[in-house]
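A quick write-up on the structure given underneath.
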There are 2 protein chains.
Amino acid sequence: MEASRSVRVTIDDVAKAAGVSRQTVSRAMNGKGDISEATRRKVLATIEELDYRPSAFARGMRTQRAGTVALVLPDIANPFFPAVARGVFDAAAARGLAVVVHNTDADAGAEAEAGRAIVDAGAAGAIGFFEALDDAALAALGRRLPLVVADRPAPDASVATVRTDFLTGTRLATDHLASRGHVRLGMLDGAVENKPERRRAFLEAAGGPVVTAPPTVAGGTAGLRELLGRHADVTGVFAFNDLLAIGALRAVKAAGRQVPGDVAVVGYDDITMAALVDPPLTTVHTDKYELGRTLVEVLGRRLDGHPAEHRTLAPRLVVRGSA
Amino acid sequence: MEASRSVRVTIDDVAKAAGVSRQTVSRAMNGKGDISEATRRKVLATIEELDYRPSAFARGMRTQRAGTVALVLPDIANPFFPAVARGVFDAAAARGLAVVVHNTDADAGAEAEAGRAIVDAGAAGAIGFFEALDDAALAALGRRLPLVVADRPAPDASVATVRTDFLTGTRLATDHLASRGHVRLGMLDGAVENKPERRRAFLEAAGGPVVTAPPTVAGGTAGLRELLGRHADVTGVFAFNDLLAIGALRAVKAAGRQVPGDVAVVGYDDITMAALVDPPLTTVHTDKYELGRTLVEVLGRRLDGHPAEHRTLAPRLVVRGSA
DNA sequence: GTGAAAGCGCTAACAA
DNA sequence: TTGTTAGCGCTTTCAC
């Protein structure tokens, strides 16, 4: 008893079995060109019967396009991105698209290399977070295939975008801190390329000292120490993301001070962890799943021949215990 | 001014430019067959010069194998998996493999469908967590392509495995609780298919009541209430994973009782969140990144013609505040 | 509405 | 060591 020799069922086998030509089979399965309902049905039945699966390679060779979309992101281990990715996977699966993930660490070289790999692979399109690549390179990529970028301005009319409204989100945070009586605010900004909006919005809205740190828990701890060390009068802290905010929370507590009594902290993103730390983090919620879903939706419309769209997702403040 | 018309550079263009045959170009870039060092260098230089990129489709059509590996997992939004995925991405990138991710929600139908898609796409191999698919179907998949499964016994000699040692991990947890003076232990088991090991190990090692709940924070909260409601004498709780454990922590605190004073909790996995909750979670650490890396390594050896291997990763206990 | 011919770009097998 | 031949399975003309 041996494993069944798997000889590939080709379009010709189906054609022969259904008593039609090869192109008729192609027409039946792709729904293109004129074909009588009767033949169509017969062919489809034969396909089913023989369990025929068209070769992605052969098809790609003709069309120069695979049924694959690329998802580019800095770090899947950063809790913001899995939630986005989940939205991408679900929406892509619903459209019958496979998703190839490229992890770049927000490195310009890695992002460029990912772009090259994506083009070489003949992906139907690409979506993602390009945090280091310059506009020219991004626009060039957008000329090679349908491209939707997240949380970044379009470098080019051909590139679609989906953005979360940082300005509003930041206002939400600083207004909340102000409403709690904090007059001197500080910001923990993430050391991330191409993301000046939150800082700019903070400076406009509240105008306090800004310390830059890696967007991690450890970065938040170090950053907060530096911030309060240099500006002892700061009582309200706005962080670039929740990881930084959680680090800040820990630093405040470690210094023997109270949150939010002595120092209030507001984060950004509302990652799962935010609700579970002590005190629970007050943060600006962005719908990460929806962001992922929308990226695919916008790409899908692009694939269907529509022009590049630009969507914006509205954030909202979630008040918990930290501010 | 128009976008540069992108006419594809083919192997024939390179051959012509280098003054050799098409096959020689193929040999030069794939390092197969005999070729003189001089020609090889010349061809490689020409490739560079023309910026030639071989067509993945054409290559796949000949070889019936793409430079792609599939990663199958239940839910990228569950914090255990991003860490594994990161290890997979890094190791795959180092081998020049692209990674296609299939999110299955541990649903048997979705896992089967993912398998079909993987085979159809001509993936070089597949790795992942099949939590619902039966052994027969898994073995069948393993016959179609190199397959490495995580945290599950091999269904077949052709299927390689990488597992974390649940038995040892569970012992570590129950022994620790015992050493802290807890005589009556309970377990919060995850409602997950094909994962009886932790429960079995718990029953053997400590033998207390087991409550099953969805492996989430909410599940842990509900599960702990049920556990303590039915078995008031339980003072030490072992959870299937950290999410459940964190939920349990919250339930204990919500009931006005102390952790670890009244009830001690030990989790499993050591997700990032574990160190950040209050009290910090004592948990069994498994190296998720290493798991992902090893999955790719074992697949790579398979791809290089070696037989299916079986690796086991050792867990270790991380004592924090909750037990 | 359907079929025949052509060819996408590559590599395995064989010939030189 | 290098070149030639053949063909992977599909879709896009174009003819009927």
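Quick note on naming: the chains in the structure tokens go A, B, ... in the order shown, residues restart at 1 in each chain, and ligands are numbered from 1 in order of appearance.
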
Would you give me, as an mmCIF file with N, CA and C atoms (P, O5', C5', C4', C3', O3' and C1' of nucleotides), in the first residue's frame, the residues of chain C that come within 10 Å of chain B, using only C-alpha atoms (C1' of nucleotides)?
data_model
loop_
_atom_site.group_PDB
_atom_site.id
_atom_site.type_symbol
_atom_site.label_atom_id
_atom_site.label_comp_id
_atom_site.auth_asym_id
_atom_site.auth_seq_id
_atom_site.Cartn_x
_atom_site.Cartn_y
_atom_site.Cartn_z
ATOM 1 P P DC C 8 6.340 34.780 -25.164
ATOM 2 O "O5'" DC C 8 6.184 35.187 -23.635
ATOM 3 C "C5'" DC C 8 5.124 36.044 -23.200
ATOM 4 C "C4'" DC C 8 4.682 35.581 -21.820
ATOM 5 C "C3'" DC C 8 5.843 35.153 -20.938
ATOM 6 O "O3'" DC C 8 6.224 36.270 -20.128
ATOM 7 C "C1'" DC C 8 4.021 33.568 -20.840
ATOM 8 P P DG C 9 7.713 36.881 -20.336
ATOM 9 O "O5'" DG C 9 8.592 35.871 -19.475
ATOM 10 C "C5'" DG C 9 8.312 35.730 -18.100
ATOM 11 C "C4'" DG C 9 9.045 34.512 -17.577
ATOM 12 C "C3'" DG C 9 10.552 34.521 -17.838
ATOM 13 O "O3'" DG C 9 11.176 34.347 -16.580
ATOM 14 C "C1'" DG C 9 9.606 32.442 -18.451
ATOM 15 P P DC C 10 12.715 34.192 -16.413
ATOM 16 O "O5'" DC C 10 12.825 32.631 -16.143
ATOM 17 C "C5'" DC C 10 12.330 32.120 -14.924
ATOM 18 C "C4'" DC C 10 12.074 30.640 -15.045
ATOM 19 C "C3'" DC C 10 13.321 29.762 -15.046
ATOM 20 O "O3'" DC C 10 13.592 29.388 -13.694
ATOM 21 C "C1'" DC C 10 11.677 29.019 -16.642
ATOM 22 P P DT C 11 15.038 28.752 -13.369
ATOM 23 O "O5'" DT C 11 14.823 27.225 -13.761
ATOM 24 C "C5'" DT C 11 13.898 26.453 -13.007
ATOM 25 C "C4'" DT C 11 13.809 25.060 -13.585
ATOM 26 C "C3'" DT C 11 15.110 24.242 -13.512
ATOM 27 O "O3'" DT C 11 14.709 22.898 -13.331
ATOM 28 C "C1'" DT C 11 14.435 24.378 -15.727
ATOM 29 P P DA C 12 15.632 21.911 -12.519
ATOM 30 O "O5'" DA C 12 15.281 20.496 -13.161
ATOM 31 C "C5'" DA C 12 13.933 20.193 -13.514
ATOM 32 C "C4'" DA C 12 13.927 19.081 -14.549
ATOM 33 C "C3'" DA C 12 15.058 18.065 -14.424
ATOM 34 O "O3'" DA C 12 14.519 16.800 -14.779
ATOM 35 C "C1'" DA C 12 15.206 19.140 -16.521
#

Both chains have the same sequence, so superpose chain B on chain A over all Cα atoms paired in order and return it as a tab-separated table (two decimals) with C-alpha atoms, in the first residue's frame.
chain	number	residue	atom	x	y	z
B	1	MET	CA	0.45	-0.02	-0.10
B	2	GLU	CA	1.92	3.19	-1.31
B	3	ALA	CA	0.92	6.82	-1.15
B	4	SER	CA	-1.36	7.61	-4.06
B	5	ARG	CA	0.69	8.93	-6.92
B	6	SER	CA	-0.57	12.43	-7.30
B	7	VAL	CA	-0.76	13.23	-10.97
B	8	ARG	CA	-2.04	16.71	-11.46
B	9	VAL	CA	-5.51	17.17	-12.90
B	10	THR	CA	-5.20	19.86	-15.56
B	11	ILE	CA	-7.63	22.02	-17.40
B	12	ASP	CA	-7.27	19.67	-20.37
B	13	ASP	CA	-8.46	16.72	-18.31
B	14	VAL	CA	-11.53	18.67	-17.35
B	15	ALA	CA	-12.09	19.77	-20.94
B	16	LYS	CA	-11.86	16.22	-22.19
B	17	ALA	CA	-14.12	14.85	-19.49
B	18	ALA	CA	-16.71	17.54	-20.05
B	19	GLY	CA	-16.45	17.24	-23.82
B	20	VAL	CA	-15.59	20.89	-24.36
B	21	SER	CA	-12.50	22.89	-25.17
B	22	ARG	CA	-9.95	24.03	-22.71
B	23	GLN	CA	-10.96	27.64	-23.15
B	24	THR	CA	-14.56	26.87	-22.27
B	25	VAL	CA	-13.40	25.41	-18.99
B	26	SER	CA	-11.44	28.57	-18.34
B	27	ARG	CA	-14.48	30.67	-19.12
B	28	ALA	CA	-16.68	28.60	-16.86
B	29	MET	CA	-14.47	28.89	-13.85
B	30	ASN	CA	-13.50	32.53	-14.27
B	31	GLY	CA	-16.93	33.75	-15.25
B	32	LYS	CA	-15.44	35.68	-18.14
B	33	GLY	CA	-16.71	35.77	-21.68
B	34	ASP	CA	-19.98	34.46	-22.94
B	35	ILE	CA	-20.92	30.95	-22.06
B	36	SER	CA	-24.25	29.18	-21.96
B	37	GLU	CA	-25.64	28.37	-18.58
B	38	ALA	CA	-25.87	24.70	-19.49
B	39	THR	CA	-22.22	24.28	-20.46
B	40	ARG	CA	-21.14	26.32	-17.48
B	41	ARG	CA	-22.99	24.03	-15.15
B	42	LYS	CA	-21.68	20.92	-16.82
B	43	VAL	CA	-18.10	22.14	-16.67
B	44	LEU	CA	-18.41	23.18	-13.05
B	45	ALA	CA	-19.79	19.76	-12.21
B	46	THR	CA	-16.88	18.09	-13.96
B	47	ILE	CA	-14.43	20.30	-12.09
B	48	GLU	CA	-16.02	19.25	-8.85
B	49	GLU	CA	-16.03	15.62	-9.83
B	50	LEU	CA	-12.39	15.49	-10.84
B	51	ASP	CA	-11.42	17.71	-7.91
B	52	TYR	CA	-9.62	19.94	-10.34
B	53	ARG	CA	-7.59	22.82	-8.86
B	54	PRO	CA	-6.17	25.33	-11.30
B	55	SER	CA	-2.43	25.83	-11.10
B	56	ALA	CA	-1.62	29.14	-9.49
B	57	PHE	CA	1.69	29.16	-11.33
B	58	ALA	CA	0.27	28.67	-14.77
B	59	ARG	CA	-2.41	31.23	-14.12
B	60	GLY	CA	0.11	33.69	-12.73
B	61	MET	CA	2.32	33.17	-15.70
B	62	ARG	CA	-0.43	34.31	-18.00
B	63	THR	CA	-1.86	37.06	-15.91
B	64	GLN	CA	1.33	38.15	-14.15
B	65	ARG	CA	-0.70	38.42	-11.01
B	66	ALA	CA	-1.03	36.04	-8.09
B	67	GLY	CA	-4.01	35.69	-5.78
B	68	THR	CA	-1.88	37.04	-3.00
B	69	VAL	CA	-1.65	40.29	-1.11
B	70	ALA	CA	1.35	41.41	0.85
B	71	LEU	CA	1.05	42.80	4.35
B	72	VAL	CA	3.99	44.91	5.44
B	73	LEU	CA	4.39	45.76	9.10
B	74	PRO	CA	7.20	46.65	11.48
B	75	ASP	CA	6.82	44.02	14.15
B	76	ILE	CA	4.12	41.42	14.60
B	77	ALA	CA	5.25	41.01	18.21
B	78	ASN	CA	4.20	44.58	18.97
B	79	PRO	CA	0.63	44.10	20.24
B	80	PHE	CA	-0.80	46.80	18.02
B	81	PHE	CA	-0.16	44.84	14.85
B	82	PRO	CA	-1.67	41.42	15.52
B	83	ALA	CA	-5.06	43.07	15.92
B	84	VAL	CA	-4.66	44.82	12.58
B	85	ALA	CA	-3.37	41.64	11.00
B	86	ARG	CA	-6.40	39.75	12.19
B	87	GLY	CA	-8.65	42.22	10.39
B	88	VAL	CA	-6.51	41.85	7.28
B	89	PHE	CA	-6.63	38.05	7.38
B	90	ASP	CA	-10.36	37.90	7.82
B	91	ALA	CA	-11.10	40.37	5.04
B	92	ALA	CA	-8.57	38.80	2.71
B	93	ALA	CA	-9.92	35.31	3.30
B	94	ALA	CA	-13.39	36.59	2.49
B	95	ARG	CA	-12.07	37.76	-0.87
B	96	GLY	CA	-10.15	34.55	-1.49
B	97	LEU	CA	-6.76	36.23	-1.14
B	98	ALA	CA	-3.78	34.71	0.62
B	99	VAL	CA	-1.71	37.04	2.77
B	100	VAL	CA	2.08	37.12	2.76
B	101	VAL	CA	3.48	38.94	5.78
B	102	HIS	CA	6.68	40.95	5.69
B	103	ASN	CA	8.15	41.99	9.02
B	104	THR	CA	10.43	44.99	8.60
B	105	ASP	CA	11.33	46.36	12.03
B	106	ALA	CA	10.55	49.74	10.48
B	107	ASP	CA	13.91	49.56	8.77
B	108	ALA	CA	14.17	51.41	5.47
B	109	GLY	CA	16.31	48.71	3.90
B	110	ALA	CA	13.96	45.96	4.98
B	111	GLU	CA	10.94	47.90	3.73
B	112	ALA	CA	12.58	48.40	0.36
B	113	GLU	CA	13.54	44.74	0.20
B	114	ALA	CA	9.99	43.75	1.09
B	115	GLY	CA	8.74	45.92	-1.76
B	116	ARG	CA	11.06	44.20	-4.19
B	117	ALA	CA	10.01	40.76	-2.98
B	118	ILE	CA	6.36	41.73	-3.29
B	119	VAL	CA	6.76	42.88	-6.86
B	120	ASP	CA	8.80	39.81	-7.77
B	121	ALA	CA	6.18	37.53	-6.29
B	122	GLY	CA	3.57	39.12	-8.51
B	123	ALA	CA	1.31	39.98	-5.61
B	124	ALA	CA	-2.08	41.33	-6.57
B	125	GLY	CA	-1.48	44.24	-4.23
B	126	ALA	CA	0.18	45.39	-1.06
B	127	ILE	CA	-1.02	46.99	2.13
B	128	GLY	CA	0.81	48.05	5.19
B	129	PHE	CA	2.84	50.21	7.43
B	130	PHE	CA	5.85	51.75	5.76
B	131	GLU	CA	7.47	53.71	8.52
B	132	ALA	CA	10.91	54.34	7.14
B	133	LEU	CA	10.71	54.20	3.36
B	134	ASP	CA	10.88	57.62	1.70
B	135	ASP	CA	8.01	58.97	-0.35
B	136	ALA	CA	9.79	58.51	-3.67
B	137	ALA	CA	10.38	54.81	-3.12
B	138	LEU	CA	6.86	54.35	-1.83
B	139	ALA	CA	5.40	56.12	-4.85
B	140	ALA	CA	7.54	53.92	-7.09
B	141	LEU	CA	6.15	50.84	-5.42
B	142	GLY	CA	2.67	52.21	-5.86
B	143	ARG	CA	3.30	52.43	-9.58
B	144	ARG	CA	4.18	48.75	-9.75
B	145	LEU	CA	1.06	47.46	-8.02
B	146	PRO	CA	-2.06	48.54	-6.14
B	147	LEU	CA	-0.86	49.86	-2.81
B	148	VAL	CA	-2.67	50.96	0.33
B	149	VAL	CA	-0.61	52.51	3.09
B	150	ALA	CA	-1.68	52.78	6.69
B	151	ASP	CA	-1.24	55.81	8.91
B	152	ARG	CA	0.79	57.77	6.45
B	153	PRO	CA	0.02	60.43	3.85
B	154	ALA	CA	-0.20	59.29	0.24
B	155	PRO	CA	3.10	59.92	-1.53
B	156	ASP	CA	1.35	59.86	-4.86
B	157	ALA	CA	-2.12	59.96	-6.39
B	158	SER	CA	-1.95	56.25	-7.17
B	159	VAL	CA	-1.44	55.25	-3.56
B	160	ALA	CA	-4.52	54.75	-1.39
B	161	THR	CA	-4.48	55.41	2.34
B	162	VAL	CA	-6.26	54.43	5.50
B	163	ARG	CA	-5.45	56.57	8.48
B	164	THR	CA	-6.51	56.94	12.03
B	165	ASP	CA	-7.16	60.52	12.97
B	166	PHE	CA	-4.21	61.33	15.21
B	167	LEU	CA	-5.14	64.95	15.57
B	168	THR	CA	-8.51	64.20	17.01
B	169	GLY	CA	-7.11	61.41	19.12
B	170	THR	CA	-4.44	63.59	20.60
B	171	ARG	CA	-6.96	66.34	21.34
B	172	LEU	CA	-9.17	63.82	23.05
B	173	ALA	CA	-6.29	62.86	25.30
B	174	THR	CA	-5.05	66.36	26.16
B	175	ASP	CA	-8.55	67.73	26.64
B	176	HIS	CA	-9.30	64.91	29.02
B	177	LEU	CA	-6.17	65.60	31.05
B	178	ALA	CA	-7.06	69.30	31.14
B	179	SER	CA	-10.58	68.53	32.27
B	180	ARG	CA	-9.12	66.57	35.13
B	181	GLY	CA	-7.29	69.67	36.28
B	182	HIS	CA	-3.85	69.03	34.86
B	183	VAL	CA	-2.33	72.26	33.64
B	184	ARG	CA	1.20	71.17	32.97
B	185	LEU	CA	1.32	68.27	30.52
B	186	GLY	CA	4.24	66.28	29.15
B	187	MET	CA	4.49	63.85	26.30
B	188	LEU	CA	6.30	60.57	25.85
B	189	ASP	CA	6.87	60.40	22.14
B	190	GLY	CA	7.81	57.19	20.35
B	191	ALA	CA	11.15	57.13	18.60
B	192	VAL	CA	9.55	56.28	15.27
B	193	GLU	CA	10.18	57.74	11.84
B	194	ASN	CA	7.49	59.49	9.87
B	195	LYS	CA	5.10	59.86	12.77
B	196	PRO	CA	5.31	63.50	13.77
B	197	GLU	CA	1.55	64.02	13.93
B	198	ARG	CA	0.90	63.04	17.50
B	199	ARG	CA	3.74	65.16	18.80
B	200	ARG	CA	2.75	68.09	16.64
B	201	ALA	CA	-0.85	67.79	17.75
B	202	PHE	CA	0.26	67.58	21.36
B	203	LEU	CA	2.42	70.68	21.06
B	204	GLU	CA	-0.41	72.62	19.48
B	205	ALA	CA	-3.04	71.46	21.91
B	206	ALA	CA	-1.13	71.47	25.16
B	207	GLY	CA	2.45	72.55	24.55
B	208	GLY	CA	4.52	70.89	27.23
B	209	PRO	CA	7.87	69.14	27.29
B	210	VAL	CA	8.38	66.12	25.05
B	211	VAL	CA	10.69	63.21	25.73
B	212	THR	CA	11.40	60.67	23.01
B	213	ALA	CA	11.87	57.00	23.83
B	214	PRO	CA	11.59	53.64	22.10
B	215	PRO	CA	7.89	52.74	21.87
B	216	THR	CA	8.14	49.92	24.39
B	217	VAL	CA	7.32	49.36	28.06
B	218	ALA	CA	10.98	49.77	28.98
B	219	GLY	CA	11.11	52.93	26.90
B	220	GLY	CA	8.12	54.29	28.79
B	221	THR	CA	9.69	53.62	32.16
B	222	ALA	CA	12.95	55.32	31.20
B	223	GLY	CA	11.15	58.11	29.39
B	224	LEU	CA	8.93	58.94	32.31
B	225	ARG	CA	11.89	59.16	34.66
B	226	GLU	CA	13.58	61.55	32.31
B	227	LEU	CA	10.43	63.58	31.82
B	228	LEU	CA	9.65	64.01	35.50
B	229	GLY	CA	13.33	64.37	36.34
B	230	ARG	CA	13.60	67.36	34.07
B	231	HIS	CA	10.13	68.77	34.55
B	232	ALA	CA	8.96	68.10	38.08
B	233	ASP	CA	5.82	70.17	37.60
B	234	VAL	CA	4.32	67.84	34.98
B	235	THR	CA	1.28	66.02	36.36
B	236	GLY	CA	-0.36	64.81	33.16
B	237	VAL	CA	1.41	62.55	30.69
B	238	PHE	CA	0.32	61.74	27.17
B	239	ALA	CA	2.09	58.77	25.62
B	240	PHE	CA	2.62	57.97	21.95
B	241	ASN	CA	1.28	54.47	22.52
B	242	ASP	CA	0.04	52.17	25.26
B	243	LEU	CA	3.33	50.36	25.65
B	244	LEU	CA	5.01	53.63	26.56
B	245	ALA	CA	2.09	54.53	28.79
B	246	ILE	CA	2.26	51.24	30.64
B	247	GLY	CA	5.98	51.73	31.17
B	248	ALA	CA	5.22	55.19	32.49
B	249	LEU	CA	2.58	53.81	34.85
B	250	ARG	CA	5.12	51.44	36.28
B	251	ALA	CA	7.74	54.15	36.69
B	252	VAL	CA	5.32	56.38	38.55
B	253	LYS	CA	4.34	53.57	40.91
B	254	ALA	CA	7.96	52.53	41.35
B	255	ALA	CA	8.75	56.09	42.41
B	256	GLY	CA	6.17	55.71	45.15
B	257	ARG	CA	3.73	58.14	43.61
B	258	GLN	CA	0.05	57.66	42.87
B	259	VAL	CA	-1.70	57.19	39.55
B	260	PRO	CA	-3.76	59.16	38.73
B	261	GLY	CA	-3.56	61.17	41.96
B	262	ASP	CA	-0.02	62.48	41.56
B	263	VAL	CA	0.54	61.78	37.90
B	264	ALA	CA	-2.11	60.92	35.34
B	265	VAL	CA	-1.28	58.94	32.22
B	266	VAL	CA	-3.13	58.61	28.93
B	267	GLY	CA	-2.03	56.11	26.31
B	268	TYR	CA	-2.85	55.56	22.67
B	269	ASP	CA	-4.17	52.53	20.73
B	270	ASP	CA	-6.06	50.65	23.43
B	271	ILE	CA	-4.21	47.37	23.13
B	272	THR	CA	-5.67	44.45	25.07
B	273	MET	CA	-3.13	44.90	27.79
B	274	ALA	CA	-4.36	48.41	28.52
B	275	ALA	CA	-7.43	47.19	30.36
B	276	LEU	CA	-5.50	44.65	32.38
B	277	VAL	CA	-2.76	46.69	34.02
B	278	ASP	CA	-3.20	48.38	37.37
B	279	PRO	CA	-4.60	50.96	37.32
B	280	PRO	CA	-6.31	50.23	34.01
B	281	LEU	CA	-5.05	52.57	31.37
B	282	THR	CA	-7.08	55.48	30.10
B	283	THR	CA	-6.29	55.55	26.42
B	284	VAL	CA	-7.32	56.61	22.96
B	285	HIS	CA	-8.98	53.68	21.33
B	286	THR	CA	-8.36	53.01	17.66
B	287	ASP	CA	-10.17	50.17	15.99
B	288	LYS	CA	-7.26	48.06	14.88
B	289	TYR	CA	-9.33	45.23	13.48
B	290	GLU	CA	-11.35	47.72	11.48
B	291	LEU	CA	-8.15	49.31	10.24
B	292	GLY	CA	-6.97	45.96	8.90
B	293	ARG	CA	-10.35	45.19	7.40
B	294	THR	CA	-10.51	48.59	5.74
B	295	LEU	CA	-7.03	48.26	4.28
B	296	VAL	CA	-8.17	45.15	2.46
B	297	GLU	CA	-11.47	46.71	1.48
B	298	VAL	CA	-9.76	49.72	-0.07
B	299	LEU	CA	-7.29	47.45	-1.82
B	300	GLY	CA	-10.15	45.35	-3.10
B	301	ARG	CA	-11.83	48.37	-4.62
B	302	ARG	CA	-8.53	49.30	-6.21
B	303	LEU	CA	-8.29	45.79	-7.63
B	304	ASP	CA	-11.78	46.20	-9.02
B	305	GLY	CA	-10.59	49.19	-10.99
B	306	HIS	CA	-11.59	52.08	-8.79
B	307	PRO	CA	-9.23	54.99	-8.17
B	308	ALA	CA	-7.17	55.26	-4.99
B	309	GLU	CA	-9.31	56.13	-1.99
B	310	HIS	CA	-8.48	57.76	1.30
B	311	ARG	CA	-10.23	56.71	4.46
B	312	THR	CA	-9.96	58.02	7.96
B	313	LEU	CA	-10.93	56.12	11.08
B	314	ALA	CA	-12.15	58.03	14.10
B	315	PRO	CA	-10.57	57.35	17.48
B	316	ARG	CA	-12.39	57.62	20.76
B	317	LEU	CA	-11.30	58.07	24.34
B	318	VAL	CA	-11.65	55.19	26.77
B	319	VAL	CA	-11.55	56.43	30.33
B	320	ARG	CA	-10.31	53.86	32.78
B	321	GLY	CA	-8.32	54.43	35.91
B	322	SER	CA	-5.06	56.08	34.95
B	323	ALA	CA	-6.36	59.56	34.15

Using 9 Å as the limit and counting only C-alpha atoms (C1' of nucleotides), can you tabulate each residue of chain D that touches chain B, with its shortest atom-to-atom distance in Å and the two atoms involved, as CSV?
residue,atom,partner,partner_atom,distance
D:DT1,C1',B:Ile35,CA,5.9
D:DT2,C1',B:Thr24,CA,7.1
D:DG3,C1',B:Ser21,CA,6.2
D:DG7,C1',B:Arg62,CA,8.9
D:DC8,C1',B:Arg62,CA,5.1
D:DG9,C1',B:Met61,CA,7.8

Return as a ChimeraX atom specification the full set of residues in segment 62-286 of chain A whose backbone-based DSSP assignment is helix (DSSP H, G or I).
/A:62-63,80-94,108-120,135-144,166-179,197-205,217-230,242-254,272-275

Would you kindly return, as a PyMOL selection string, each protein, DNA or RNA residue with an atom no farther than 10 Å from any atom of DT5 of chain D, considering only C-alpha atoms (C1' of nucleotides) and excluding same-chain residues fewer than 3 positions away?
chain C and resi 13-15

Print the selection's residues with N, CA, C and O atoms (P, O5', C5', C4', C3', O3' and C1' of nucleotides) to a file, as a PDB file, in the first residue's frame.
ATOM      1  P    DA C  13      15.450  15.490 -14.802  1.00  0.00           P
ATOM      2  O5'  DA C  13      15.762  15.339 -16.349  1.00  0.00           O
ATOM      3  C5'  DA C  13      14.709  15.063 -17.251  1.00  0.00           C
ATOM      4  C4'  DA C  13      15.291  14.968 -18.650  1.00  0.00           C
ATOM      5  C3'  DA C  13      16.478  13.996 -18.752  1.00  0.00           C
ATOM      6  O3'  DA C  13      16.236  13.123 -19.837  1.00  0.00           O
ATOM      7  C1'  DA C  13      17.048  16.111 -19.656  1.00  0.00           C
ATOM      8  P    DC C  14      17.258  11.871 -20.062  1.00  0.00           P
ATOM      9  O5'  DC C  14      18.007  12.356 -21.370  1.00  0.00           O
ATOM     10  C5'  DC C  14      17.240  12.893 -22.454  1.00  0.00           C
ATOM     11  C4'  DC C  14      18.147  13.766 -23.289  1.00  0.00           C
ATOM     12  C3'  DC C  14      19.422  13.064 -23.761  1.00  0.00           C
ATOM     13  O3'  DC C  14      19.351  12.941 -25.169  1.00  0.00           O
ATOM     14  C1'  DC C  14      19.815  15.314 -23.077  1.00  0.00           C
ATOM     15  P    DA C  15      20.555  12.142 -25.929  1.00  0.00           P
ATOM     16  O5'  DA C  15      21.225  13.364 -26.697  1.00  0.00           O
ATOM     17  C5'  DA C  15      20.407  14.384 -27.258  1.00  0.00           C
ATOM     18  C4'  DA C  15      21.303  15.471 -27.833  1.00  0.00           C
ATOM     19  C3'  DA C  15      22.552  14.922 -28.540  1.00  0.00           C
ATOM     20  O3'  DA C  15      22.773  15.701 -29.702  1.00  0.00           O
ATOM     21  C1'  DA C  15      23.200  16.358 -26.766  1.00  0.00           C
TER      22       DA C  15
END

Could you find all residues in segment 66-243 of chain B that DSSP calls strand (DSSP E or B) from the backbone, and write them as number ranges by chain?
B: 68-73, 98-103, 125-128, 147-150, 160-164, 185-190, 210-213, 236-239
